[in-house]
>>> print(open('model_39.pdb').read())   # PDB, C-alpha atoms
ATOM      1  CA  MET A 758       7.643-186.709 -76.559
ATOM      2  CA  ASN A 759       6.934-187.427 -80.218
ATOM      3  CA  ILE A 760       4.743-184.845 -81.957
ATOM      4  CA  LEU A 761       3.027-185.312 -85.308
ATOM      5  CA  LEU A 762       2.816-181.959 -87.095
ATOM      6  CA  THR A 763       0.435-181.855 -90.049
ATOM      7  CA  GLY A 764      -0.068-179.182 -92.689
ATOM      8  CA  PHE A 765      -2.486-178.743 -95.571
ATOM      9  CA  GLU A 766      -1.563-178.326 -99.209
ATOM     10  CA  PRO A 767      -2.719-175.153-101.051
ATOM     11  CA  PHE A 768      -6.475-174.783-101.645
ATOM     12  CA  GLY A 769      -9.101-172.306-102.772
ATOM     13  CA  GLY A 770      -7.097-171.143-105.792
ATOM     14  CA  GLU A 771      -3.922-170.429-103.819
ATOM     15  CA  THR A 772      -0.579-171.758-105.050
ATOM     16  CA  ILE A 773       1.043-171.854-101.597
ATOM     17  CA  ASN A 774      -0.069-172.587 -98.057
ATOM     18  CA  PRO A 775       1.879-171.384 -94.997
ATOM     19  CA  ALA A 776       1.047-174.663 -93.244
ATOM     20  CA  GLN A 777       2.898-176.663 -95.877
ATOM     21  CA  GLN A 778       5.890-174.330 -95.830
ATOM     22  CA  ILE A 779       6.092-174.476 -92.038
ATOM     23  CA  ILE A 780       6.060-178.264 -91.783
ATOM     24  CA  GLU A 781       8.745-178.439 -94.473
ATOM     25  CA  ALA A 782      10.906-175.993 -92.511
ATOM     26  CA  ILE A 783      10.343-177.555 -89.091
ATOM     27  CA  SER A 784      10.853-181.148 -90.257
ATOM     28  CA  HIS A 785      14.581-180.402 -90.536
ATOM     29  CA  LYS A 786      14.890-178.796 -87.090
ATOM     30  CA  HIS A 787      13.235-181.133 -84.571
ATOM     31  CA  GLU A 788      14.145-184.788 -84.205
ATOM     32  CA  ALA A 789      11.063-185.370 -82.024
ATOM     33  CA  VAL A 790       8.685-183.890 -84.624
ATOM     34  CA  SER A 791       7.289-185.972 -87.463
ATOM     35  CA  THR A 792       5.406-184.240 -90.277
ATOM     36  CA  ALA A 793       2.648-185.104 -92.721
ATOM     37  CA  LEU A 794       1.189-183.139 -95.623
ATOM     38  CA  ILE A 795      -2.593-183.532 -95.789
ATOM     39  CA  PRO A 796      -4.396-183.126 -99.147
ATOM     40  CA  CYS A 797      -7.332-180.705 -99.067
ATOM     41  CA  GLU A 798      -9.903-183.410 -99.702
ATOM     42  CA  PHE A 799     -12.848-184.218 -97.452
ATOM     43  CA  ALA A 800     -13.134-187.869 -98.475
ATOM     44  CA  SER A 801      -9.503-188.870 -97.898
ATOM     45  CA  LEU A 802      -8.754-186.722 -94.863
ATOM     46  CA  ARG A 803      -9.517-189.372 -92.243
ATOM     47  CA  SER A 804      -7.478-192.088 -93.920
ATOM     48  CA  ASN A 805      -4.534-189.734 -94.478
ATOM     49  CA  LEU A 806      -4.531-188.725 -90.823
ATOM     50  CA  GLN A 807      -4.843-192.319 -89.634
ATOM     51  CA  ARG A 808      -1.982-193.366 -91.915
ATOM     52  CA  ALA A 809       0.261-190.605 -90.545
ATOM     53  CA  VAL A 810      -0.538-191.571 -86.954
ATOM     54  CA  ALA A 811       0.114-195.251 -87.667
ATOM     55  CA  LEU A 812       3.486-194.422 -89.196
ATOM     56  CA  THR A 813       4.671-192.088 -86.435
ATOM     57  CA  SER A 814       2.979-193.299 -83.193
ATOM     58  CA  PRO A 815       2.838-189.765 -81.759
ATOM     59  CA  ASP A 816       2.134-188.624 -78.211
ATOM     60  CA  ALA A 817       0.512-185.460 -79.569
ATOM     61  CA  ILE A 818      -0.947-184.284 -82.874
ATOM     62  CA  LEU A 819      -0.642-180.613 -83.826
ATOM     63  CA  CYS A 820      -2.411-179.672 -87.055
ATOM     64  CA  LEU A 821      -1.788-176.488 -89.037
ATOM     65  CA  GLY A 822      -4.053-174.752 -91.518
ATOM     66  CA  GLN A 823      -4.510-171.430 -93.274
ATOM     67  CA  ALA A 824      -7.084-168.849 -92.203
ATOM     68  CA  GLY A 825      -6.338-166.013 -94.564
ATOM     69  CA  SER A 826      -8.641-163.429 -93.011
ATOM     70  CA  ARG A 827      -7.061-163.680 -89.555
ATOM     71  CA  PRO A 828      -4.324-161.231 -88.493
ATOM     72  CA  ALA A 829      -2.792-163.424 -85.768
ATOM     73  CA  ILE A 830      -1.741-166.975 -85.036
ATOM     74  CA  SER A 831      -4.949-168.632 -83.798
ATOM     75  CA  ILE A 832      -4.719-171.479 -81.295
ATOM     76  CA  GLU A 833      -7.994-173.366 -81.660
ATOM     77  CA  ARG A 834      -9.883-174.440 -78.527
ATOM     78  CA  VAL A 835     -12.812-176.411 -79.970
ATOM     79  CA  ALA A 836     -13.799-178.479 -83.019
ATOM     80  CA  ILE A 837     -17.441-179.182 -83.877
ATOM     81  CA  ASN A 838     -18.936-182.296 -85.462
ATOM     82  CA  LEU A 839     -20.117-180.486 -88.569
ATOM     83  CA  ILE A 840     -18.911-179.984 -92.125
ATOM     84  CA  ALA A 841     -20.452-177.097 -94.082
ATOM     85  CA  ALA A 842     -18.168-176.168 -96.973
ATOM     86  CA  PRO A 843     -18.354-172.583 -98.277
ATOM     87  CA  ILE A 844     -16.069-173.576-101.182
ATOM     88  CA  PRO A 845     -15.294-176.937-102.836
ATOM     89  CA  ASP A 846     -12.259-178.958-101.800
ATOM     90  CA  ASN A 847      -9.436-179.644-104.260
ATOM     91  CA  LEU A 848     -11.467-182.436-105.871
ATOM     92  CA  GLY A 849     -14.496-180.204-106.376
ATOM     93  CA  TYR A 850     -16.543-181.742-103.545
ATOM     94  CA  GLN A 851     -18.642-179.309-101.494
ATOM     95  CA  PRO A 852     -20.727-180.926 -98.733
ATOM     96  CA  ALA A 853     -23.550-178.673 -97.579
ATOM     97  CA  GLU A 854     -24.016-179.929 -94.026
ATOM     98  CA  GLN A 855     -22.980-183.275 -92.578
ATOM     99  CA  ALA A 856     -21.330-184.786 -89.523
ATOM    100  CA  VAL A 857     -17.568-185.199 -89.404
ATOM    101  CA  VAL A 858     -18.023-188.505 -87.557
ATOM    102  CA  GLU A 859     -21.456-190.099 -87.246
ATOM    103  CA  ALA A 860     -22.573-190.829 -83.649
ATOM    104  CA  ALA A 861     -19.584-188.914 -82.226
ATOM    105  CA  PRO A 862     -19.893-186.065 -79.698
ATOM    106  CA  ALA A 863     -21.148-182.696 -80.908
ATOM    107  CA  ALA A 864     -17.758-181.137 -80.163
ATOM    108  CA  TYR A 865     -14.323-181.809 -78.750
ATOM    109  CA  PHE A 866     -12.096-179.420 -76.817
ATOM    110  CA  SER A 867      -8.390-179.493 -77.555
ATOM    111  CA  ASN A 868      -6.462-181.210 -74.776
ATOM    112  CA  LEU A 869      -3.217-179.461 -75.677
ATOM    113  CA  PRO A 870      -2.002-176.694 -73.314
ATOM    114  CA  VAL A 871      -3.633-174.068 -75.525
ATOM    115  CA  LYS A 872      -3.238-171.165 -73.103
ATOM    116  CA  ALA A 873       0.444-171.926 -72.575
ATOM    117  CA  MET A 874       0.888-172.177 -76.344
ATOM    118  CA  THR A 875      -0.763-168.793 -76.860
ATOM    119  CA  LYS A 876       1.374-167.176 -74.158
ATOM    120  CA  ALA A 877       4.569-168.689 -75.555
ATOM    121  CA  ILE A 878       3.885-167.085 -78.926
ATOM    122  CA  LEU A 879       2.884-163.731 -77.440
ATOM    123  CA  ASP A 880       6.074-163.751 -75.355
ATOM    124  CA  LEU A 881       8.008-163.671 -78.637
ATOM    125  CA  GLY A 882       6.171-160.499 -79.645
ATOM    126  CA  ILE A 883       4.186-162.354 -82.306
ATOM    127  CA  PRO A 884       0.409-161.719 -82.481
ATOM    128  CA  ALA A 885      -1.523-164.742 -81.217
ATOM    129  CA  THR A 886      -4.977-165.449 -79.860
ATOM    130  CA  LEU A 887      -6.989-168.300 -78.395
ATOM    131  CA  SER A 888      -9.797-168.991 -80.879
ATOM    132  CA  TYR A 889     -13.145-170.594 -80.156
ATOM    133  CA  THR A 890     -14.120-171.428 -83.725
ATOM    134  CA  ALA A 891     -12.180-173.515 -86.219
ATOM    135  CA  GLY A 892     -14.832-172.939 -88.888
ATOM    136  CA  THR A 893     -16.780-175.672 -90.678
ATOM    137  CA  TYR A 894     -14.340-176.485 -93.463
ATOM    138  CA  LEU A 895     -11.402-178.893 -93.752
ATOM    139  CA  CYS A 896      -9.487-177.390 -90.825
ATOM    140  CA  ASN A 897     -12.330-178.076 -88.419
ATOM    141  CA  GLN A 898     -12.761-181.541 -89.927
ATOM    142  CA  LEU A 899      -9.086-182.365 -89.374
ATOM    143  CA  MET A 900      -9.109-181.025 -85.816
ATOM    144  CA  PHE A 901     -12.241-183.021 -84.983
ATOM    145  CA  GLU A 902     -10.829-186.192 -86.552
ATOM    146  CA  ALA A 903      -7.572-185.750 -84.634
ATOM    147  CA  LEU A 904      -9.389-185.266 -81.330
ATOM    148  CA  HIS A 905     -11.732-188.178 -82.029
ATOM    149  CA  LEU A 906      -8.676-190.344 -82.636
ATOM    150  CA  ALA A 907      -6.947-188.894 -79.579
ATOM    151  CA  ALA A 908      -9.909-189.768 -77.363
ATOM    152  CA  LYS A 909      -9.552-193.420 -78.357
ATOM    153  CA  ARG A 910      -5.772-193.563 -77.960
ATOM    154  CA  ASP A 911      -5.061-191.291 -74.979
ATOM    155  CA  LEU A 912      -3.254-188.727 -77.128
ATOM    156  CA  GLN A 913      -3.171-184.939 -77.138
ATOM    157  CA  ALA A 914      -4.386-183.108 -80.212
ATOM    158  CA  GLY A 915      -5.152-179.616 -81.420
ATOM    159  CA  PHE A 916      -5.032-177.128 -84.270
ATOM    160  CA  ILE A 917      -3.390-173.811 -85.164
ATOM    161  CA  HIS A 918      -4.759-171.463 -87.819
ATOM    162  CA  LEU A 919      -2.228-169.331 -89.690
ATOM    163  CA  PRO A 920      -2.518-165.960 -91.489
ATOM    164  CA  TYR A 921      -1.692-165.465 -95.142
ATOM    165  CA  LEU A 922       1.940-165.025 -96.132
ATOM    166  CA  PRO A 923       2.839-161.565 -97.535
ATOM    167  CA  GLU A 924       3.164-162.898-101.080
ATOM    168  CA  GLN A 925      -0.412-164.166-100.892
ATOM    169  CA  VAL A 926      -1.889-160.707-100.322
ATOM    170  CA  LEU A 927      -0.172-158.765-103.104
ATOM    171  CA  ASN A 928      -3.546-158.588-104.857
ATOM    172  CA  LYS A 929      -5.586-158.707-101.642
ATOM    173  CA  PRO A 930      -4.857-155.305-100.054
ATOM    174  CA  LYS A 931      -7.570-155.644 -97.395
ATOM    175  CA  PHE A 932      -6.186-158.908 -95.984
ATOM    176  CA  PRO A 933      -3.563-159.126 -93.216
ATOM    177  CA  SER A 934      -0.435-161.244 -93.520
ATOM    178  CA  MET A 935       2.518-162.469 -91.473
ATOM    179  CA  ALA A 936       6.060-163.291 -92.596
ATOM    180  CA  LEU A 937       6.976-166.963 -92.823
ATOM    181  CA  ASN A 938       9.880-166.686 -90.370
ATOM    182  CA  LEU A 939       7.522-165.324 -87.695
ATOM    183  CA  GLN A 940       5.001-168.088 -88.335
ATOM    184  CA  ILE A 941       7.751-170.702 -88.041
ATOM    185  CA  GLN A 942       8.908-169.175 -84.746
ATOM    186  CA  ALA A 943       5.321-169.188 -83.482
ATOM    187  CA  VAL A 944       4.776-172.866 -84.280
ATOM    188  CA  GLN A 945       8.129-173.774 -82.738
ATOM    189  CA  ALA A 946       7.117-171.936 -79.555
ATOM    190  CA  ALA A 947       3.795-173.785 -79.520
ATOM    191  CA  ILE A 948       5.595-177.112 -79.901
ATOM    192  CA  GLN A 949       7.907-176.263 -77.015
ATOM    193  CA  ALA A 950       4.909-175.343 -74.859
ATOM    194  CA  ILE A 951       3.373-178.741 -75.594
ATOM    195  CA  VAL A 952       6.580-180.417 -74.442
ATOM    196  CA  ASP A 953       7.018-178.207 -71.349
ATOM    197  CA  LYS A 954       3.405-177.829 -70.144
ATOM    198  CA  PRO A 955       1.528-181.138 -69.855
ATOM    199  CA  VAL A 956      -0.940-179.237 -67.638
ATOM    200  CA  ASP A 957      -2.127-175.913 -69.040
ATOM    201  CA  ILE A 958      -1.550-172.580 -67.313
ATOM    202  CA  GLU A 959      -4.264-170.379 -65.793
ATOM    203  CA  ALA A 960      -5.121-167.417 -68.037
ATOM    204  CA  ILE A 961      -8.214-165.434 -68.974
ATOM    205  CA  HIS A 962      -9.370-165.654 -72.589
ATOM    206  CA  GLY A 963     -12.697-165.441 -74.353
ATOM    207  CA  SER A 964     -14.855-163.345 -76.628
ATOM    208  CA  THR A 965     -17.977-161.243 -76.193
ATOM    209  CA  HIS A 966     -19.157-161.984 -79.735
TER     210      HIS A 966
END
>>> encode(input="model_39.pdb", output="structure tokens")
Amino acid sequence: MNILLTGFEPFGGETINPAQQIIEAISHKHEAVSTALIPCEFASLRSNLQRAVALTSPDAILCLGQAGSRPAISIERVAINLIAAPIPDNLGYQPAEQAVVEAAPAAYFSNLPVKAMTKAILDLGIPATLSYTAGTYLCNQLMFEALHLAAKRDLQAGFIHLPYLPEQVLNKPKFPSMALNLQIQAVQAAIQAIVDKPVDIEAIHGSTH
């Protein structure tokens, strides 16, 4: 199985992004994993993703992005067809409310084995959760674009949100963080679950609010 692993560049005033650091680390460890760095730009996101898929011909697309307020690795379950940007992208563009893809479904569910991925990370003793919101920013846009592309090409696709790295919260004492080596281990476990579990496991997840 060939997996395309994407990561975003830094955004929102940050100088680093755990997603970028993880794809750089993993690109040297897995022959079956191709990587692509995605600029944090709404307008070019689709073309950058399509270019990466054309170059790598993957069986699955796993996208990574930063969610600095989250304390755990978040395996995303659903992407919605909506962009509502709370902050501008790296080019200063800030769409208020628009569709990711016109005339596409209102939402897509990840067709990766998301429960198996979550369990694989938890089995390492690393905090992880199955998330039911990827937000309305670039991460959700990329997940939706990947799943829209996957629906046309019979691929698997999904998204993982990552906490801040410790060095990112030195001046943010109220925000959680997770060491880079743990985040790398978590993503590696998720990749292995994708390879091992073409059909997801049975497990109870969800949220009351």
>>> atom_distance(input="model_39.pdb", atom1="CA of Cys797 (chain A)", atom2="CA of Gly822 (chain A)")
10.2 Å
>>> axis_aligned_box(input="model_39.pdb", around="region 913-916 of chain A", padding_each_side="5 Å", output="lines of an AutoDock Vina configuration file")
center_x = -4.2
center_y = -181.0
center_z = -80.7
size_x = 12.0
size_y = 17.8
size_z = 17.1
>>> atom_distance(input="model_39.pdb", atom1="CA of Pro870 (chain A)", atom2="CA of Leu899 (chain A)")
18.4 Å
>>> closest_atom_pairs(input="model_39.pdb", of="region 853-876 of chain A", to="region 833-846 of chain A", cutoff="7 Å", atoms="all atoms listed in the file", output="Markdown table")
| residue | atom | partner | partner_atom | distance |
| --- | --- | --- | --- | --- |
| A:Ala853 | CA | A:Ala841 | CA | 4.9 |
| A:Glu854 | CA | A:Ala841 | CA | 4.6 |
| A:Gln855 | CA | A:Ile840 | CA | 5.3 |
| A:Ala856 | CA | A:Leu839 | CA | 4.6 |
| A:Val857 | CA | A:Asn838 | CA | 5.1 |
| A:Val858 | CA | A:Asn838 | CA | 6.6 |
| A:Pro862 | CA | A:Asn838 | CA | 7.0 |
| A:Ala863 | CA | A:Asn838 | CA | 5.1 |
| A:Ala864 | CA | A:Ile837 | CA | 4.2 |
| A:Tyr865 | CA | A:Ala836 | CA | 5.4 |
| A:Phe866 | CA | A:Val835 | CA | 4.4 |
| A:Ser867 | CA | A:Arg834 | CA | 5.4 |
| A:Val871 | CA | A:Arg834 | CA | 6.9 |
>>> write_last_selection(input="model_39.pdb", atoms="C-alpha atoms", output="short mmCIF file (atom, residue, chain, number, x, y, z; two decimals), keeping the file's coordinate frame")
data_model
loop_
_atom_site.label_atom_id
_atom_site.label_comp_id
_atom_site.auth_asym_id
_atom_site.auth_seq_id
_atom_site.Cartn_x
_atom_site.Cartn_y
_atom_site.Cartn_z
CA ALA A 853 -23.55 -178.67 -97.58
CA GLU A 854 -24.02 -179.93 -94.03
CA GLN A 855 -22.98 -183.28 -92.58
CA ALA A 856 -21.33 -184.79 -89.52
CA VAL A 857 -17.57 -185.20 -89.40
CA VAL A 858 -18.02 -188.50 -87.56
CA PRO A 862 -19.89 -186.06 -79.70
CA ALA A 863 -21.15 -182.70 -80.91
CA ALA A 864 -17.76 -181.14 -80.16
CA TYR A 865 -14.32 -181.81 -78.75
CA PHE A 866 -12.10 -179.42 -76.82
CA SER A 867 -8.39 -179.49 -77.56
CA VAL A 871 -3.63 -174.07 -75.53
#
>>> residues_around(input="model_39.pdb", residues="region 873-883 of chain A", least_positions_apart="4", cutoff="9 Å", atoms="all atoms listed in the file", output="list in words")
Ala829, Ile830, Ser831, Ile832, Leu869, Leu887, Leu939, Gln940, Gln942, Ala943, Val944, Gln945, Ala946, Ala947, Ile948, Gln949, Ala950, Ile951, Lys954, Val956, Asp957, Ile958, Glu959 and Ala960 of chain A
>>> closest_residue(input="model_39.pdb", among="A:Gly770, A:Val952, A:Ala908, A:Pro775", to="Pro923 (chain A)", atoms="only C-alpha atoms")
A:Pro775
>>> closest_residue(input="model_39.pdb", among="A:Ile818, A:Val810, A:Leu912, A:Ala789", to="Met758 (chain A)", atoms="all atoms listed in the file")
A:Ala789
